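Colleague: This is work_14.tsv, which holds TSV, C-alpha atoms:
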```tsv
chain	number	residue	atom	x	y	z
A	1	MET	CA	149.26	78.31	66.83
A	2	GLY	CA	150.32	81.59	65.18
A	3	PHE	CA	148.27	84.28	63.47
A	4	THR	CA	148.05	85.89	60.05
A	5	THR	CA	146.96	89.40	59.12
A	6	TYR	CA	145.47	90.16	55.72
A	7	GLU	CA	145.90	93.81	54.84
A	8	ASN	CA	143.52	94.97	52.09
A	9	VAL	CA	144.41	98.46	50.90
A	10	ALA	CA	141.67	98.58	48.26
A	11	ASN	CA	138.80	97.69	50.57
A	12	ARG	CA	140.60	99.39	53.50
A	13	HIS	CA	140.69	96.87	56.31
A	14	VAL	CA	142.96	94.42	58.11
A	15	THR	CA	141.61	91.00	59.08
A	16	ILE	CA	143.27	88.84	61.73
A	17	HIS	CA	143.16	85.05	61.18
A	18	THR	CA	144.57	82.06	62.98
A	19	ASN	CA	147.13	80.16	60.91
A	20	GLY	CA	145.35	77.41	59.01
A	21	CYS	CA	142.07	79.34	58.78
A	22	SER	CA	139.95	78.04	55.89
A	23	GLN	CA	139.55	81.59	54.59
A	24	ILE	CA	143.32	81.83	54.06
A	25	LYS	CA	143.56	78.36	52.54
A	26	LYS	CA	140.71	79.20	50.17
A	27	HIS	CA	142.98	81.71	48.45
A	28	GLY	CA	146.18	79.75	48.93
A	29	GLY	CA	147.62	82.41	51.24
A	30	ASP	CA	148.17	84.77	48.31
A	31	ASP	CA	146.39	87.89	47.17
A	32	LYS	CA	146.04	87.23	43.46
A	33	TYR	CA	144.33	90.55	42.77
A	34	GLY	CA	147.10	92.70	44.21
A	35	TYR	CA	144.79	94.37	46.73
A	36	GLY	CA	146.77	93.50	49.81
A	37	SER	CA	149.18	91.17	51.56
A	38	TYR	CA	149.45	88.47	54.23
A	39	LYS	CA	151.81	88.68	57.21
A	40	HIS	CA	152.58	86.04	59.84
A	41	HIS	CA	152.70	86.78	63.62
A	42	GLU	CA	153.62	84.54	66.54
A	43	THR	CA	150.93	85.82	68.93
A	44	PHE	CA	147.51	87.44	68.70
A	45	GLU	CA	148.89	90.47	70.51
A	46	GLU	CA	151.59	90.93	67.86
A	47	ALA	CA	149.00	90.56	65.09
A	48	LEU	CA	146.70	93.11	66.75
A	49	ASN	CA	149.50	95.60	67.32
A	50	TYR	CA	150.56	95.33	63.68
A	51	ALA	CA	146.98	95.65	62.43
A	52	GLU	CA	146.40	98.79	64.50
A	53	SER	CA	149.67	100.29	63.25
A	54	THR	CA	148.30	100.33	59.69
A	55	ASP	CA	145.58	102.86	60.63
A	56	LEU	CA	143.07	100.70	58.77
A	57	PRO	CA	139.86	99.31	60.34
A	58	VAL	CA	140.68	96.05	62.14
A	59	LYS	CA	138.49	92.96	61.96
A	60	SER	CA	138.74	89.50	63.48
A	61	CYS	CA	137.84	86.64	61.16
A	62	SER	CA	134.32	85.44	61.96
A	63	PHE	CA	135.21	81.90	60.91
A	64	CYS	CA	138.31	81.12	63.01
A	65	LYS	CA	137.69	83.68	65.80
A	66	PRO	CA	141.39	84.42	66.53
A	67	ASP	CA	140.60	86.66	69.52
A	68	SER	CA	139.01	83.78	71.48
A	69	PRO	CA	141.68	82.20	73.71
A	70	PRO	CA	141.46	78.43	74.27
A	71	SER	CA	139.11	77.49	77.08
A	72	ILE	CA	141.20	74.45	78.08
A	73	LEU	CA	143.02	74.89	81.37
A	74	ILE	CA	145.66	72.33	82.31
A	75	GLN	CA	146.00	73.39	85.95
A	76	PRO	CA	143.69	75.74	87.88
A	77	PRO	CA	145.51	78.66	89.57
A	78	SER	CA	144.25	77.49	92.97
A	79	GLU	CA	141.90	74.94	94.52
A	80	ASN	CA	139.21	77.59	94.99
A	81	LEU	CA	139.48	79.01	91.48
A	82	ASP	CA	138.76	76.46	88.76
A	83	PRO	CA	137.80	78.57	85.72
A	84	VAL	CA	136.60	75.67	83.57
A	85	ALA	CA	134.20	74.42	86.27
A	86	LEU	CA	133.04	77.96	86.99
A	87	LEU	CA	132.30	78.59	83.31
A	88	GLU	CA	130.45	75.31	82.84
A	89	ASN	CA	128.24	76.08	85.83
A	90	PHE	CA	127.68	79.64	84.62
A	91	LYS	CA	126.41	78.29	81.31
A	92	LYS	CA	123.66	76.57	83.30
A	93	VAL	CA	122.86	79.81	85.13
A	94	ALA	CA	122.71	81.68	81.84
A	95	ALA	CA	120.47	79.01	80.32
A	96	LEU	CA	117.98	79.54	83.15
A	97	ALA	CA	117.98	83.21	82.15
A	98	GLY	CA	117.29	82.28	78.52
A	99	VAL	CA	120.85	82.82	77.24
A	100	LYS	CA	122.70	80.09	75.33
A	101	LEU	CA	126.47	80.27	75.69
A	102	THR	CA	128.98	78.32	73.59
A	103	ASP	CA	132.77	78.06	73.42
A	104	SER	CA	132.66	80.46	70.47
A	105	ASN	CA	131.11	83.38	72.38
A	106	ILE	CA	132.71	83.00	75.82
A	107	SER	CA	136.22	81.79	76.62
A	108	ILE	CA	138.92	81.76	79.31
A	109	GLU	CA	142.39	83.25	79.53
A	110	VAL	CA	144.57	82.26	82.49
A	111	LEU	CA	147.59	84.31	83.59
A	112	ASN	CA	149.44	82.41	86.30
A	113	ALA	CA	151.77	84.19	88.74
A	114	PRO	CA	154.02	85.89	87.94
A	115	HIS	CA	152.01	87.43	85.13
A	116	LYS	CA	152.15	90.28	82.65
A	117	PRO	CA	149.02	92.45	82.44
A	118	PRO	CA	147.18	92.22	79.12
A	119	THR	CA	147.97	95.11	76.79
A	120	LYS	CA	144.70	95.08	74.85
A	121	LEU	CA	141.06	94.18	75.30
A	122	PRO	CA	140.43	92.18	72.10
A	123	PRO	CA	138.14	93.95	69.60
A	124	GLY	CA	134.46	93.13	70.03
A	125	LYS	CA	135.00	91.66	73.50
A	126	MET	CA	133.84	92.35	77.06
A	127	ALA	CA	135.43	90.72	80.10
A	128	VAL	CA	135.02	89.68	83.70
A	129	TYR	CA	138.38	89.28	85.45
A	130	VAL	CA	139.43	87.62	88.69
A	131	PHE	CA	142.58	88.28	90.73
A	132	ALA	CA	143.65	85.60	93.22
A	133	HIS	CA	146.50	85.13	95.67
A	134	GLY	CA	147.04	81.64	97.05
A	135	ASP	CA	143.68	80.33	98.20
A	136	LYS	CA	142.10	83.80	98.39
A	137	VAL	CA	140.23	85.55	95.59
A	138	LEU	CA	141.06	89.23	95.92
A	139	LYS	CA	139.01	90.99	93.27
A	140	VAL	CA	136.28	90.35	90.70
A	141	GLY	CA	135.39	93.03	88.18
A	142	LYS	CA	133.98	93.62	84.72
A	143	VAL	CA	134.70	95.80	81.70
A	144	GLY	CA	132.62	96.67	78.67
A	145	PRO	CA	134.03	96.68	75.14
A	146	ARG	CA	135.32	100.25	75.39
A	147	SER	CA	137.04	100.01	78.79
A	148	ASN	CA	140.56	99.16	77.69
A	149	ALA	CA	142.35	101.08	80.47
A	150	ARG	CA	140.27	99.41	83.18
A	151	TYR	CA	141.10	96.00	81.69
A	152	THR	CA	144.83	96.50	81.14
A	153	SER	CA	146.32	98.89	83.70
A	154	GLN	CA	144.10	100.57	86.28
A	155	HIS	CA	144.06	97.74	88.84
A	156	TYR	CA	147.87	97.81	88.96
A	157	ASN	CA	148.04	101.54	89.78
A	158	PRO	CA	146.51	102.83	93.03
A	159	GLY	CA	145.71	106.36	91.87
A	160	SER	CA	144.41	105.58	88.41
A	161	ALA	CA	140.69	105.10	89.16
A	162	PRO	CA	138.21	104.38	91.97
A	163	SER	CA	138.11	100.87	93.44
A	164	THR	CA	141.31	99.35	92.08
A	165	LEU	CA	143.02	96.25	93.42
A	166	ALA	CA	146.19	98.26	94.04
A	167	ALA	CA	144.35	100.82	96.18
A	168	SER	CA	142.53	98.05	98.07
A	169	LEU	CA	145.82	96.33	98.89
A	170	LEU	CA	147.32	99.55	100.21
A	171	ALA	CA	144.28	100.21	102.38
A	172	GLY	CA	143.54	96.66	103.54
A	173	GLY	CA	146.44	94.42	102.63
A	174	GLU	CA	146.87	93.31	106.24
A	175	SER	CA	143.70	91.23	105.85
A	176	ILE	CA	145.71	88.86	103.63
A	177	GLY	CA	148.97	89.19	105.58
A	178	LEU	CA	150.45	91.87	103.33
A	179	ARG	CA	152.32	94.58	105.25
A	180	ASP	CA	155.45	95.67	103.42
A	181	VAL	CA	153.92	97.21	100.30
A	182	SER	CA	153.80	100.83	99.19
A	183	LYS	CA	152.53	102.94	96.28
A	184	ASP	CA	155.87	102.35	94.61
A	185	THR	CA	155.85	98.56	94.99
A	186	VAL	CA	152.20	97.48	94.89
A	187	SER	CA	152.05	97.22	91.10
A	188	GLN	CA	155.02	94.86	90.98
A	189	TRP	CA	153.62	92.85	93.90
A	190	ILE	CA	150.37	92.25	91.99
A	191	LYS	CA	152.25	91.11	88.88
A	192	GLU	CA	154.56	88.78	90.81
A	193	ASN	CA	152.13	87.33	93.35
A	194	THR	CA	148.64	87.13	91.87
A	195	GLU	CA	146.98	84.90	89.34
A	196	ARG	CA	144.56	86.52	86.92
A	197	VAL	CA	141.74	84.83	85.05
A	198	ASN	CA	139.90	86.64	82.26
A	199	PHE	CA	136.50	85.47	81.07
A	200	LEU	CA	136.09	86.99	77.60
A	201	LEU	CA	132.62	87.42	76.12
A	202	ASP	CA	131.44	88.52	72.68
A	203	GLU	CA	130.11	92.07	72.79
A	204	GLU	CA	126.91	90.90	71.09
A	205	LEU	CA	125.89	88.99	74.23
A	206	GLY	CA	125.12	92.33	75.88
A	207	ILE	CA	125.90	94.05	79.16
A	208	HIS	CA	123.18	92.09	80.98
A	209	VAL	CA	125.10	88.82	80.43
A	210	LEU	CA	128.36	90.51	81.47
A	211	THR	CA	126.73	91.72	84.69
A	212	LEU	CA	125.20	88.30	85.33
A	213	LEU	CA	128.63	86.65	85.06
A	214	GLU	CA	130.21	89.18	87.42
A	215	SER	CA	127.43	88.67	89.99
A	216	TYR	CA	127.71	84.89	89.69
A	217	LEU	CA	131.47	85.00	90.31
A	218	HIS	CA	131.02	87.34	93.28
A	219	CYS	CA	128.58	84.86	94.81
A	220	ARG	CA	130.78	81.82	94.14
A	221	LEU	CA	134.20	83.26	94.97
A	222	HIS	CA	133.57	85.82	97.78
A	223	PRO	CA	136.43	88.19	96.86
A	224	VAL	CA	138.25	89.88	99.74
A	225	PHE	CA	137.96	93.32	98.15
A	226	GLU	CA	134.45	93.66	96.82
A	227	GLY	CA	133.37	97.05	95.48
A	228	HIS	CA	133.48	100.37	97.32
A	229	ALA	CA	133.55	100.42	101.10
A	230	SER	CA	130.29	102.38	101.02
A	231	GLN	CA	128.60	99.41	99.34
A	232	LYS	CA	129.37	97.00	102.17
```
Go ahead and render the structure in this file as C-alpha cells.
Modeller:
Amino acid sequence: MGFTTYENVANRHVTIHTNGCSQIKKHGGDDKYGYGSYKHHETFEEALNYAESTDLPVKSCSFCKPDSPPSILIQPPSENLDPVALLENFKKVAALAGVKLTDSNISIEVLNAPHKPPTKLPPGKMAVYVFAHGDKVLKVGKVGPRSNARYTSQHYNPGSAPSTLAASLLAGGESIGLRDVSKDTVSQWIKENTERVNFLLDEELGIHVLTLLESYLHCRLHPVFEGHASQK
C-alpha cells in the first residue's frame, strides 16, 4: 500500500497519509505554496519514524486513517484464536452497552510466529493484545494511548514491569510444557514461538470500551497467565 508524509514547515506539522489518499490527489501530490514537501515510505512504521524525526507535531490523516491496519485476516493464528470472529462478536457486545463500533475505529493487526514486536503504539490509539502459543492463549492485556513501553517491549523482558508474559513463563512455563528457558532466552522464545494479535481502538472510544474488550477476550479465550497471582 505505501504511505506518504506531508511536512508543513509553515503550519508546523507532519501528516501521514496512505498512498492514493484523496487529500494528496486533491493537490496533485505537490505543495504549490512552498510550505512543505511530500515523502514516500514503504510502511507506516517508516512514515511514523520519519515524521517523529522532524520534531514537528505528527498527525494521521482523518480521511484515509493510515494508522488503522486492515481487519482482513487470511488465516487465524490458531483454531482457538480467530480475531475476525472475535471482533465481530465483540461489536455485538459493545452494541448492547450502547457503543457502535465500525472498521474505522477498531481494527486488527496479526503478527504470526516468528514475530517482531511492534516498535510504536500508533498515535491516538489504545490496544488490547493477545499472545498465543499453539492452541493455548497465554496472555491478554490492554494499554492506553500513553503506554508505549507496555505495548512494545515490557512483555518480552521479565524484569521490566509487574505481570509480564516473560516473567509468567519463567515462573510457570511448565504448565505449557516449557522447561528450558531462562532470563537470557525467554525474550527470544516469545518472539520465535508465539503469535500476537493486536486489537487497535481509537482513543476517542474511551477507556471503558478498552476495558470491556479486554474483559470480553479474557472470558472467551481463558488465557493461561491471567493477571497477578494474588488476583486468582
Colleague: Please identify all polymer residues lying at most 12 Å from the point (132.2, 82.2, 73.1) (file coordinates), using all atoms listed in the file, and present the result as a PDB file with C-alpha atoms, keeping the file's coordinate frame.
Modeller:
```
ATOM      1  CA  SER A  62     134.320  85.440  61.960  1.00  0.00           C
ATOM      2  CA  CYS A  64     138.310  81.120  63.010  1.00  0.00           C
ATOM      3  CA  LYS A  65     137.690  83.680  65.800  1.00  0.00           C
ATOM      4  CA  PRO A  66     141.390  84.420  66.530  1.00  0.00           C
ATOM      5  CA  ASP A  67     140.600  86.660  69.520  1.00  0.00           C
ATOM      6  CA  SER A  68     139.010  83.780  71.480  1.00  0.00           C
ATOM      7  CA  PRO A  69     141.680  82.200  73.710  1.00  0.00           C
ATOM      8  CA  PRO A  70     141.460  78.430  74.270  1.00  0.00           C
ATOM      9  CA  SER A  71     139.110  77.490  77.080  1.00  0.00           C
ATOM     10  CA  LEU A  87     132.300  78.590  83.310  1.00  0.00           C
ATOM     11  CA  LYS A  91     126.410  78.290  81.310  1.00  0.00           C
ATOM     12  CA  LYS A 100     122.700  80.090  75.330  1.00  0.00           C
ATOM     13  CA  LEU A 101     126.470  80.270  75.690  1.00  0.00           C
ATOM     14  CA  THR A 102     128.980  78.320  73.590  1.00  0.00           C
ATOM     15  CA  ASP A 103     132.770  78.060  73.420  1.00  0.00           C
ATOM     16  CA  SER A 104     132.660  80.460  70.470  1.00  0.00           C
ATOM     17  CA  ASN A 105     131.110  83.380  72.380  1.00  0.00           C
ATOM     18  CA  ILE A 106     132.710  83.000  75.820  1.00  0.00           C
ATOM     19  CA  SER A 107     136.220  81.790  76.620  1.00  0.00           C
ATOM     20  CA  ILE A 108     138.920  81.760  79.310  1.00  0.00           C
ATOM     21  CA  GLY A 124     134.460  93.130  70.030  1.00  0.00           C
ATOM     22  CA  LYS A 125     135.000  91.660  73.500  1.00  0.00           C
ATOM     23  CA  MET A 126     133.840  92.350  77.060  1.00  0.00           C
ATOM     24  CA  ALA A 127     135.430  90.720  80.100  1.00  0.00           C
ATOM     25  CA  PHE A 199     136.500  85.470  81.070  1.00  0.00           C
ATOM     26  CA  LEU A 200     136.090  86.990  77.600  1.00  0.00           C
ATOM     27  CA  LEU A 201     132.620  87.420  76.120  1.00  0.00           C
ATOM     28  CA  ASP A 202     131.440  88.520  72.680  1.00  0.00           C
ATOM     29  CA  GLU A 203     130.110  92.070  72.790  1.00  0.00           C
ATOM     30  CA  GLU A 204     126.910  90.900  71.090  1.00  0.00           C
ATOM     31  CA  LEU A 205     125.890  88.990  74.230  1.00  0.00           C
TER      32      LEU A 205
END
```
Colleague: Could you pull the residues within 8 Å of Asn193 of chain A, counting only C-alpha atoms, minus those fewer than 4 positions along the same chain, as a PyMOL selection string?
Modeller: chain A and resi 113-114+133+189
Colleague: Tyr216 of chain A: which residues within 12 Å, counting all atoms listed in the file, same-chain residues fewer than 2 positions away excluded, as a short mmCIF file (atom, residue, chain, number, x, y, z; two decimals) with C-alpha atoms, in the frame of the given file?
Modeller:
```cif
data_model
loop_
_atom_site.label_atom_id
_atom_site.label_comp_id
_atom_site.auth_asym_id
_atom_site.auth_seq_id
_atom_site.Cartn_x
_atom_site.Cartn_y
_atom_site.Cartn_z
CA LEU A 86 133.04 77.96 86.99
CA LEU A 87 132.30 78.59 83.31
CA ASN A 89 128.24 76.08 85.83
CA PHE A 90 127.68 79.64 84.62
CA LYS A 91 126.41 78.29 81.31
CA LYS A 92 123.66 76.57 83.30
CA VAL A 93 122.86 79.81 85.13
CA ALA A 94 122.71 81.68 81.84
CA VAL A 128 135.02 89.68 83.70
CA VAL A 140 136.28 90.35 90.70
CA GLY A 141 135.39 93.03 88.18
CA LYS A 142 133.98 93.62 84.72
CA VAL A 209 125.10 88.82 80.43
CA LEU A 210 128.36 90.51 81.47
CA THR A 211 126.73 91.72 84.69
CA LEU A 212 125.20 88.30 85.33
CA LEU A 213 128.63 86.65 85.06
CA GLU A 214 130.21 89.18 87.42
CA HIS A 218 131.02 87.34 93.28
CA CYS A 219 128.58 84.86 94.81
CA ARG A 220 130.78 81.82 94.14
CA LEU A 221 134.20 83.26 94.97
CA HIS A 222 133.57 85.82 97.78
CA PRO A 223 136.43 88.19 96.86
#
```
Colleague: Between atom CA of Ser187 of chain A and atom CA of Gly173 of chain A, measure the distance and give it in Å to one decimal.
Modeller: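 Straight-line distance from atom CA of Ser187 of chain A to atom CA of Gly173 of chain A works out to 13.1 Å.
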Colleague: Compute the distance from (148.9, 94.9, 61.8) to each atom, counting only C-alpha atoms, keep the residues with any atom at most 9 Å away, and return them as a list in words; use the coordinates of the file.
Modeller: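 Using only C-alpha atoms, the matching residues come out as Thr5, Tyr6, Glu7, Val14, Thr15, Ile16, Lys39, Glu46, Ala47, Leu48, Asn49, Tyr50, Ala51, Glu52, Ser53, Thr54, Asp55, Leu56 and Val58 of chain A.
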Colleague: Would you mind reading off the distance between atom CA of Asp135 of chain A and atom CA of Pro117 of chain A, one decimal, in Å?
Modeller: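 A separation of 20.6 Å between them.
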Colleague: Identify which of the residues A:Asn112, A:His41, A:Glu192, A:Gly98 lies closest to Leu81 of chain A, counting all atoms listed in the file when measuring atom-to-atom distances.
Modeller: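 For Leu81 of chain A, the nearest of the given residues is A:Asn112.
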Colleague: From the options A:Phe225, A:Tyr151, A:Phe131, A:Phe3, which residue's atoms come nearest to Thr43 of chain A, counting only C-alpha atoms?
Modeller: A:Phe3
Colleague: Have a look at atom CA of Leu169 of chain A and atom CA of Ile190 of chain A and let me know their distance in Å, one decimal.
Modeller: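 Distance reported for this atom pair: 9.2 Å.
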Colleague: Give the answer as one residue: which of A:Leu170, A:Leu138, A:Leu165, A:Val197 has the shortest atom-to-atom distance to Pro118 of chain A, using only C-alpha atoms?
Modeller: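 When distances to Pro118 of chain A are compared using only C-alpha atoms, the smallest one comes from A:Val197.
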Colleague: Let me make sure I understand: among A:Ala149, A:Gly2, A:Thr119, A:Ala166, which one has the smallest atom-to-atom distance to Thr194 of chain A if we use only C-alpha atoms?
Modeller: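 Nearest candidate to Thr194 of chain A out of A:Ala149, A:Gly2, A:Thr119, A:Ala166: A:Ala166.
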Colleague: Quick one: everything within 10 Å of Ala167 of chain A, counting all atoms listed in the file, minus sequence neighbours fewer than 5 positions away in the same chain. Send it as a ChimeraX atom specification.
Modeller: /A:154-162,172-173,182-183,186-187
Colleague: Could the centre and edge lengths of an axis-aligned box, enclosing all atoms of segment 183-194 of chain A in the file with 8 Å extra on each side, be given in Å to one decimal as AutoDock Vina command-line options?
Modeller:
```
--center_x 152.3 --center_y 95.0 --center_z 92.6 --size_x 23.2 --size_y 31.8 --size_z 23.4
```
